[in-house]
file coords-v3.cif (mmCIF, C-alpha atoms)
data_run
loop_
_atom_site.label_atom_id
_atom_site.label_comp_id
_atom_site.auth_asym_id
_atom_site.auth_seq_id
_atom_site.Cartn_x
_atom_site.Cartn_y
_atom_site.Cartn_z
CA SER A 2 10.12 18.16 -19.67
CA ALA A 3 6.80 20.00 -19.28
CA ALA A 4 5.49 17.18 -17.09
CA ARG A 5 8.57 17.37 -14.85
CA ALA A 6 8.17 21.15 -14.58
CA THR A 7 4.49 20.73 -13.61
CA GLU A 8 5.39 18.07 -11.02
CA SER A 9 8.10 20.35 -9.62
CA THR A 10 5.66 23.27 -9.32
CA GLN A 11 3.08 21.04 -7.63
CA ALA A 12 5.68 19.69 -5.23
CA GLU A 13 6.84 23.21 -4.36
CA SER A 14 3.23 24.27 -3.77
CA GLU A 15 2.70 21.28 -1.50
CA ARG A 16 5.85 22.11 0.49
CA GLU A 17 4.64 25.72 0.76
CA ARG A 18 1.29 24.53 2.12
CA GLU A 19 3.08 22.38 4.70
CA ARG A 20 5.31 25.30 5.76
CA GLU A 21 2.33 27.63 6.09
CA SER A 22 0.36 25.00 7.98
CA HIS A 23 3.26 24.72 10.43
CA ARG A 24 3.42 28.52 10.77
CA ASP A 25 -0.33 28.65 11.34
CA ARG A 26 -0.06 26.17 14.20
CA GLN A 27 2.71 28.23 15.74
CA THR A 28 1.07 31.65 15.31
CA GLY A 29 -2.60 30.80 15.67
CA GLY A 30 -3.40 31.40 11.99
CA LEU A 31 -1.62 34.75 11.69
CA SER A 32 0.25 33.75 8.53
CA ALA A 33 -3.03 33.43 6.65
CA MET A 34 -3.06 37.20 6.27
CA VAL A 35 -2.27 39.03 3.06
CA LYS A 36 0.91 38.17 1.18
CA LEU A 37 0.88 41.03 -1.31
CA THR A 38 -0.85 44.40 -1.56
CA MET A 39 -0.78 46.83 -4.47
CA VAL A 40 -2.44 50.08 -5.49
CA VAL A 41 -2.75 50.50 -9.26
CA ARG A 42 -4.22 53.16 -11.56
CA LEU A 43 -6.92 51.40 -13.48
CA ARG A 44 -6.90 53.17 -16.86
CA ASP A 45 -3.31 52.23 -17.74
CA GLY A 46 -2.26 49.71 -15.07
CA LEU A 47 0.39 52.06 -13.61
CA PRO A 48 1.46 50.74 -10.16
CA LEU A 49 1.19 53.56 -7.64
CA CYS A 50 2.32 51.71 -4.51
CA GLU A 51 3.18 48.20 -3.40
CA GLY A 52 3.27 46.81 0.12
CA LEU A 53 6.76 45.47 0.70
CA GLU A 54 6.79 41.70 1.09
CA LEU A 55 7.28 40.64 4.69
CA GLU A 56 7.40 36.95 3.88
CA LYS A 57 8.24 35.10 0.70
CA ILE A 58 5.87 32.57 -0.84
CA ALA A 59 6.45 30.14 -3.67
CA ASN A 60 5.82 31.51 -7.17
CA MET A 61 5.34 35.11 -5.99
CA GLU A 62 6.32 36.48 -9.41
CA MET A 63 3.71 34.26 -11.04
CA TYR A 64 1.04 35.65 -8.71
CA LYS A 65 2.16 39.21 -9.47
CA GLN A 66 1.81 38.55 -13.19
CA GLN A 67 -1.64 37.06 -12.66
CA ALA A 68 -2.68 40.11 -10.64
CA LYS A 69 -1.49 42.45 -13.39
CA SER A 70 -3.33 40.38 -16.01
CA VAL A 71 -6.59 40.73 -14.06
CA ILE A 72 -6.10 44.50 -13.80
CA LYS A 73 -5.34 44.63 -17.52
CA SER A 74 -8.64 42.88 -18.20
CA PHE A 75 -10.37 45.52 -16.04
CA ALA A 76 -8.60 48.33 -17.93
CA GLN A 77 -9.72 46.90 -21.28
CA SER A 78 -13.34 46.72 -20.15
CA LYS A 79 -15.84 49.54 -20.19
CA THR A 80 -15.86 51.46 -16.91
CA SER A 81 -19.44 50.36 -16.21
CA ALA A 82 -18.40 46.71 -16.65
CA VAL A 83 -15.64 46.81 -14.02
CA PRO A 84 -16.97 45.29 -10.77
CA PRO A 85 -16.42 47.43 -7.64
CA LYS A 86 -15.35 44.29 -5.82
CA CYS A 87 -14.10 41.01 -7.23
CA THR A 88 -12.43 37.90 -5.80
CA VAL A 89 -10.31 35.66 -8.03
CA ASP A 90 -9.26 32.19 -6.90
CA SER A 91 -5.72 31.12 -7.76
CA GLY A 92 -4.36 27.91 -6.25
CA ASN A 93 -3.99 28.22 -2.47
CA TYR A 94 -4.70 31.95 -2.55
CA CYS A 95 -7.33 34.51 -3.49
CA PHE A 96 -6.93 37.91 -5.10
CA HIS A 97 -9.35 40.45 -3.64
CA TYR A 98 -9.89 43.55 -5.82
CA PHE A 99 -11.54 46.80 -4.73
CA ASN A 100 -12.05 49.35 -7.53
CA ASN A 101 -13.00 52.94 -6.79
CA SER A 102 -12.49 56.31 -8.52
CA GLY A 103 -10.21 54.89 -11.20
CA VAL A 104 -7.88 53.14 -8.75
CA CYS A 105 -7.64 49.41 -8.04
CA TYR A 106 -6.62 48.23 -4.57
CA PHE A 107 -5.86 44.53 -4.41
CA THR A 108 -4.41 42.01 -2.07
CA LEU A 109 -3.32 38.39 -2.30
CA ALA A 110 -4.46 36.42 0.75
CA ASP A 111 -4.59 32.82 1.83
CA LYS A 112 -7.93 31.16 1.04
CA MET A 113 -8.48 30.68 4.77
CA TYR A 114 -8.47 34.41 5.40
CA PRO A 115 -12.04 35.82 5.76
CA LYS A 116 -13.18 37.69 2.68
CA LYS A 117 -15.01 40.28 4.79
CA LEU A 118 -11.80 41.28 6.60
CA ALA A 119 -9.88 41.40 3.31
CA TYR A 120 -12.32 43.95 1.89
CA GLN A 121 -12.39 45.96 5.13
CA TYR A 122 -8.60 46.10 4.87
CA LEU A 123 -8.75 47.33 1.25
CA GLU A 124 -11.40 49.92 2.06
CA GLU A 125 -9.22 51.36 4.81
CA LEU A 126 -6.38 51.66 2.30
CA TYR A 127 -8.73 53.34 -0.18
CA ARG A 128 -9.91 55.95 2.33
CA GLU A 129 -6.40 56.90 3.44
CA PHE A 130 -4.86 56.82 -0.04
CA THR A 131 -7.66 58.98 -1.48
CA ASN A 132 -7.37 61.41 1.41
CA LEU A 133 -3.61 61.82 0.85
CA TYR A 134 -3.20 61.68 -2.93
CA HIS A 135 -6.55 62.18 -4.68
CA SER A 136 -5.33 65.32 -6.50
CA GLU A 137 -2.18 63.63 -7.83
CA ILE A 138 -3.42 60.22 -8.96
CA GLU A 139 -4.24 61.18 -12.56
CA SER A 140 -1.13 63.29 -13.16
CA VAL A 141 1.71 61.00 -12.04
CA ALA A 142 3.69 59.27 -14.78
CA ARG A 143 6.35 57.26 -12.96
CA PRO A 144 5.63 53.86 -11.35
CA TYR A 145 5.45 53.63 -7.55
CA ALA A 146 5.18 57.40 -7.16
CA PHE A 147 3.52 56.89 -3.77
CA ILE A 148 5.77 54.18 -2.36
CA LYS A 149 5.79 56.00 1.01
CA PHE A 150 2.21 54.80 1.43
CA ASP A 151 3.71 51.38 2.23
CA LYS A 152 4.10 52.54 5.86
CA PHE A 153 0.34 52.84 6.17
CA ILE A 154 -0.14 49.50 4.38
CA GLN A 155 2.13 47.71 6.87
CA LYS A 156 0.51 49.43 9.87
CA THR A 157 -2.98 48.50 8.66
CA ARG A 158 -1.89 44.97 7.80
CA LYS A 159 -0.86 44.39 11.40
CA ILE A 160 -4.32 45.41 12.61
CA TYR A 161 -5.91 42.74 10.42
CA LEU A 162 -3.28 40.11 11.15
CA ASP A 163 -5.09 38.24 13.93
CA THR A 164 -8.55 37.19 12.77
CA ARG A 165 -9.45 36.33 16.38
CA SER A 166 -8.78 39.76 17.86
CA GLN A 167 -11.83 41.41 19.43
CA ARG A 168 -11.83 44.13 16.78
CA ASN A 169 -11.77 41.72 13.87
CA LEU A 170 -14.30 39.33 15.44
CA THR A 171 -16.66 42.29 15.83
CA MET A 172 -16.22 43.11 12.13
CA LEU A 173 -16.84 39.50 11.14
CA ASN A 174 -20.04 39.38 13.18
CA SER A 175 -21.28 42.70 11.84
CA GLU A 176 -23.97 42.66 9.16
CA LEU A 177 -22.34 45.62 7.44
CA ASN A 178 -20.24 45.05 4.32
CA GLU A 179 -21.70 41.66 3.52
CA VAL A 180 -19.65 39.78 0.93
CA GLN A 181 -22.00 37.02 -0.25
CA HIS A 182 -22.79 38.85 -3.48
CA ILE A 183 -19.23 39.76 -4.42
CA MET A 184 -18.27 38.32 -7.79
CA THR A 185 -15.92 35.33 -7.50
CA LYS A 186 -14.04 33.94 -10.49
CA ASN A 187 -11.27 31.48 -11.25
CA ILE A 188 -7.96 32.91 -12.46
CA GLN A 189 -8.04 30.83 -15.66
CA GLU A 190 -11.51 32.17 -16.48
CA VAL A 191 -10.30 35.75 -16.03
CA LEU A 192 -7.11 35.20 -18.04
CA GLY A 193 -9.18 33.60 -20.81
CA GLN A 194 -11.45 36.65 -20.91
CA GLY A 195 -8.36 38.85 -21.05
CA GLU A 196 -7.09 36.95 -24.10
CA LYS A 197 -10.48 37.35 -25.79
CA LEU A 198 -10.46 41.10 -25.07
CA GLU A 199 -6.94 41.36 -26.50
CA ASN A 200 -8.08 39.53 -29.63
CA VAL A 201 -11.09 41.85 -29.97
CA THR A 202 -8.85 44.90 -29.50
CA ARG A 203 -6.36 43.54 -32.04
CA MET A 204 -9.16 42.82 -34.55
CA SER A 205 -10.59 46.30 -33.97
CA SER A 206 -7.18 47.87 -34.61
CA THR A 207 -6.75 45.78 -37.77
CA LEU A 208 -10.20 46.76 -39.06
CA SER A 209 -9.49 50.42 -38.30
CA TYR A 210 -6.20 50.23 -40.21
CA GLU A 211 -7.82 48.44 -43.16
CA SER A 212 -10.62 51.02 -43.19
CA ARG A 213 -8.14 53.92 -43.33
CA LYS A 214 -6.17 52.07 -46.02
CA TYR A 215 -9.35 51.54 -48.06
CA GLN A 216 -10.34 55.21 -47.76
CA LYS A 217 -6.86 56.26 -48.88
CA ASN A 218 -6.97 53.91 -51.88
CA ALA A 219 -10.49 55.05 -52.74
CA LYS A 220 -9.35 58.68 -52.84
CA ALA A 221 -6.39 57.74 -55.04
CA LEU A 222 -8.65 55.83 -57.45
CA SER A 223 -11.07 58.76 -57.52
CA ARG A 224 -8.23 61.13 -58.47
CA GLN A 225 -7.06 58.75 -61.19
CA ALA A 226 -10.61 58.51 -62.59
CA LEU A 227 -10.89 62.30 -62.71
CA ILE A 228 -7.53 62.57 -64.45
CA LYS A 229 -8.55 59.98 -67.07
CA LYS A 230 -11.88 61.72 -67.58
CA TYR A 231 -10.56 65.25 -68.08
CA MET A 232 -7.08 64.57 -69.47
CA PRO A 233 -8.23 64.50 -73.16
CA PHE A 234 -9.95 67.88 -72.72
CA ALA A 235 -6.81 69.26 -71.08
CA ILE A 236 -4.66 68.01 -73.94
CA VAL A 237 -6.97 69.43 -76.63
CA GLY A 238 -7.14 72.72 -74.75
CA GLY A 239 -3.35 72.80 -74.48
CA VAL A 240 -2.92 72.15 -78.21
CA ILE A 241 -5.40 74.91 -79.14
CA PHE A 242 -3.65 77.31 -76.80
CA MET A 243 -0.25 76.54 -78.37
CA VAL A 244 -1.66 77.03 -81.90
CA PHE A 245 -3.05 80.44 -81.07
CA PHE A 246 0.10 81.36 -79.19
CA LEU A 247 2.37 80.43 -82.16
CA ARG A 248 0.12 82.23 -84.60
CA SER A 249 0.35 85.38 -82.48
CA LEU A 250 4.14 85.18 -82.69
CA PHE A 251 4.46 84.78 -86.46
CA TYR A 252 1.48 86.77 -87.76
#

call {"tool": "encode", "arguments": {"input": "coords-v3.cif", "output": "structure tokens"}}
result
Amino acid sequence: SAARATESTQAESERERERESHRDRQTGGLSAMVKLTMVVRLRDGLPLCEGLELEKIANMEMYKQQAKSVIKSFAQSKTSAVPPKCTVDSGNYCFHYFNNSGVCYFTLADKMYPKKLAYQYLEELYREFTNLYHSEIESVARPYAFIKFDKFIQKTRKIYLDTRSQRNLTMLNSELNEVQHIMTKNIQEVLGQGEKLENVTRMSSTLSYESRKYQKNAKALSRQALIKKYMPFAIVGGVIFMVFFLRSLFY
């Protein structure tokens, strides 16, 4: 059953590659652009905005879950350990993450799409989003509070659609924003690190609970020891007090 499910997923991925290859031939590679874009608050993973999907791809929900798992691994890391830029390979696609000022901007793009353009695209989103909402980012509590930002996402996406436009070719040939040193990982590696972080967090919580439990028990034992130590003196004192009290009544 598991083998059949794996074969089915592989077959669907192969059909998706064939469909995209056909679209690429028809549109000159335009379909290799981003498939998904999201803006997420890093500290708690709250989605702030999502670019509405213009075209469906196979296993989109799976890719969304993978993206959220990567962000969760960022959120569980120390702030200094979160890379400002990170690319994660996943099948026929790449996740490109741009982290700045507590917000993660990420996009899912075809592997053929130039990494430099993907990060230029994310940086444009960062500049506009920060300009519009920087004072509200930390205070919002409901998901997709800035869904109206999707209009800017779609407008910017169109600019980066054709990798052979004069504008984009100029960007690709520019020495600015080099991407050779951007961290690149495999999705399984990242998910494995996330599981390890969850285990460490769980162990830390367990140890914290056991420590509090031990302290509570230690205090209880200390009280019991004090009671055992001074109880005989309290009893003797009580008896003496009663004797004197009764004598004062009858004499």

call {"tool": "resolve_selection", "arguments": {"input": "coords-v3.cif", "expression": "the PyMOL selection byres ((chain A and resi 129-136) around 12)", "output": "ChimeraX atom specification"}}
result
/A:39-42,49-50,101-106,122-128,137-141,146-154,157

call {"tool": "atom_distance", "arguments": {"input": "coords-v3.cif", "atom1": "CA of Pro144 (chain A)", "atom2": "CA of Lys156 (chain A)"}}
result
22.3 Å

call {"tool": "resolve_selection", "arguments": {"input": "coords-v3.cif", "expression": "the PyMOL selection byres ((chain A and resi 61-72) around 9)", "output": "PyMOL selection string"}}
result
chain A and resi 36-37+41+43+46+57-60+73-77+89+91+96+98+105+107-109+188+191-192+195

call {"tool": "atom_distance", "arguments": {"input": "coords-v3.cif", "atom1": "CA of Pro85 (chain A)", "atom2": "CA of Asp163 (chain A)"}}
result
26.0 Å

call {"tool": "atom_distance", "arguments": {"input": "coords-v3.cif", "atom1": "CA of Asn174 (chain A)", "atom2": "CA of Gly52 (chain A)"}}
result
27.7 Å

call {"tool": "closest_residue", "arguments": {"input": "coords-v3.cif", "among": "A:Met243, A:Ala226, A:Ile183, A:Leu118", "to": "Tyr161 (chain A)", "atoms": "all atoms listed in the file"}}
result
A:Leu118

call {"tool": "closest_residue", "arguments": {"input": "coords-v3.cif", "among": "A:Met113, A:Met172, A:Met232, A:Leu53", "to": "Asp90 (chain A)", "atoms": "all atoms listed in the file"}}
result
A:Met113

call {"tool": "residues_around", "arguments": {"input": "coords-v3.cif", "residues": "Leu173 (chain A)", "least_positions_apart": "5", "cutoff": "12 Å", "atoms": "all atoms listed in the file", "output": "number ranges by chain"}}
result
A: 114-121, 161, 164-168, 178-180

call {"tool": "resolve_selection", "arguments": {"input": "coords-v3.cif", "expression": "the PyMOL selection byres ((chain A and resi 111) around 7)", "output": "VMD selection string"}}
result
chain A and resid 33 to 35 93 to 95 110 112 to 114
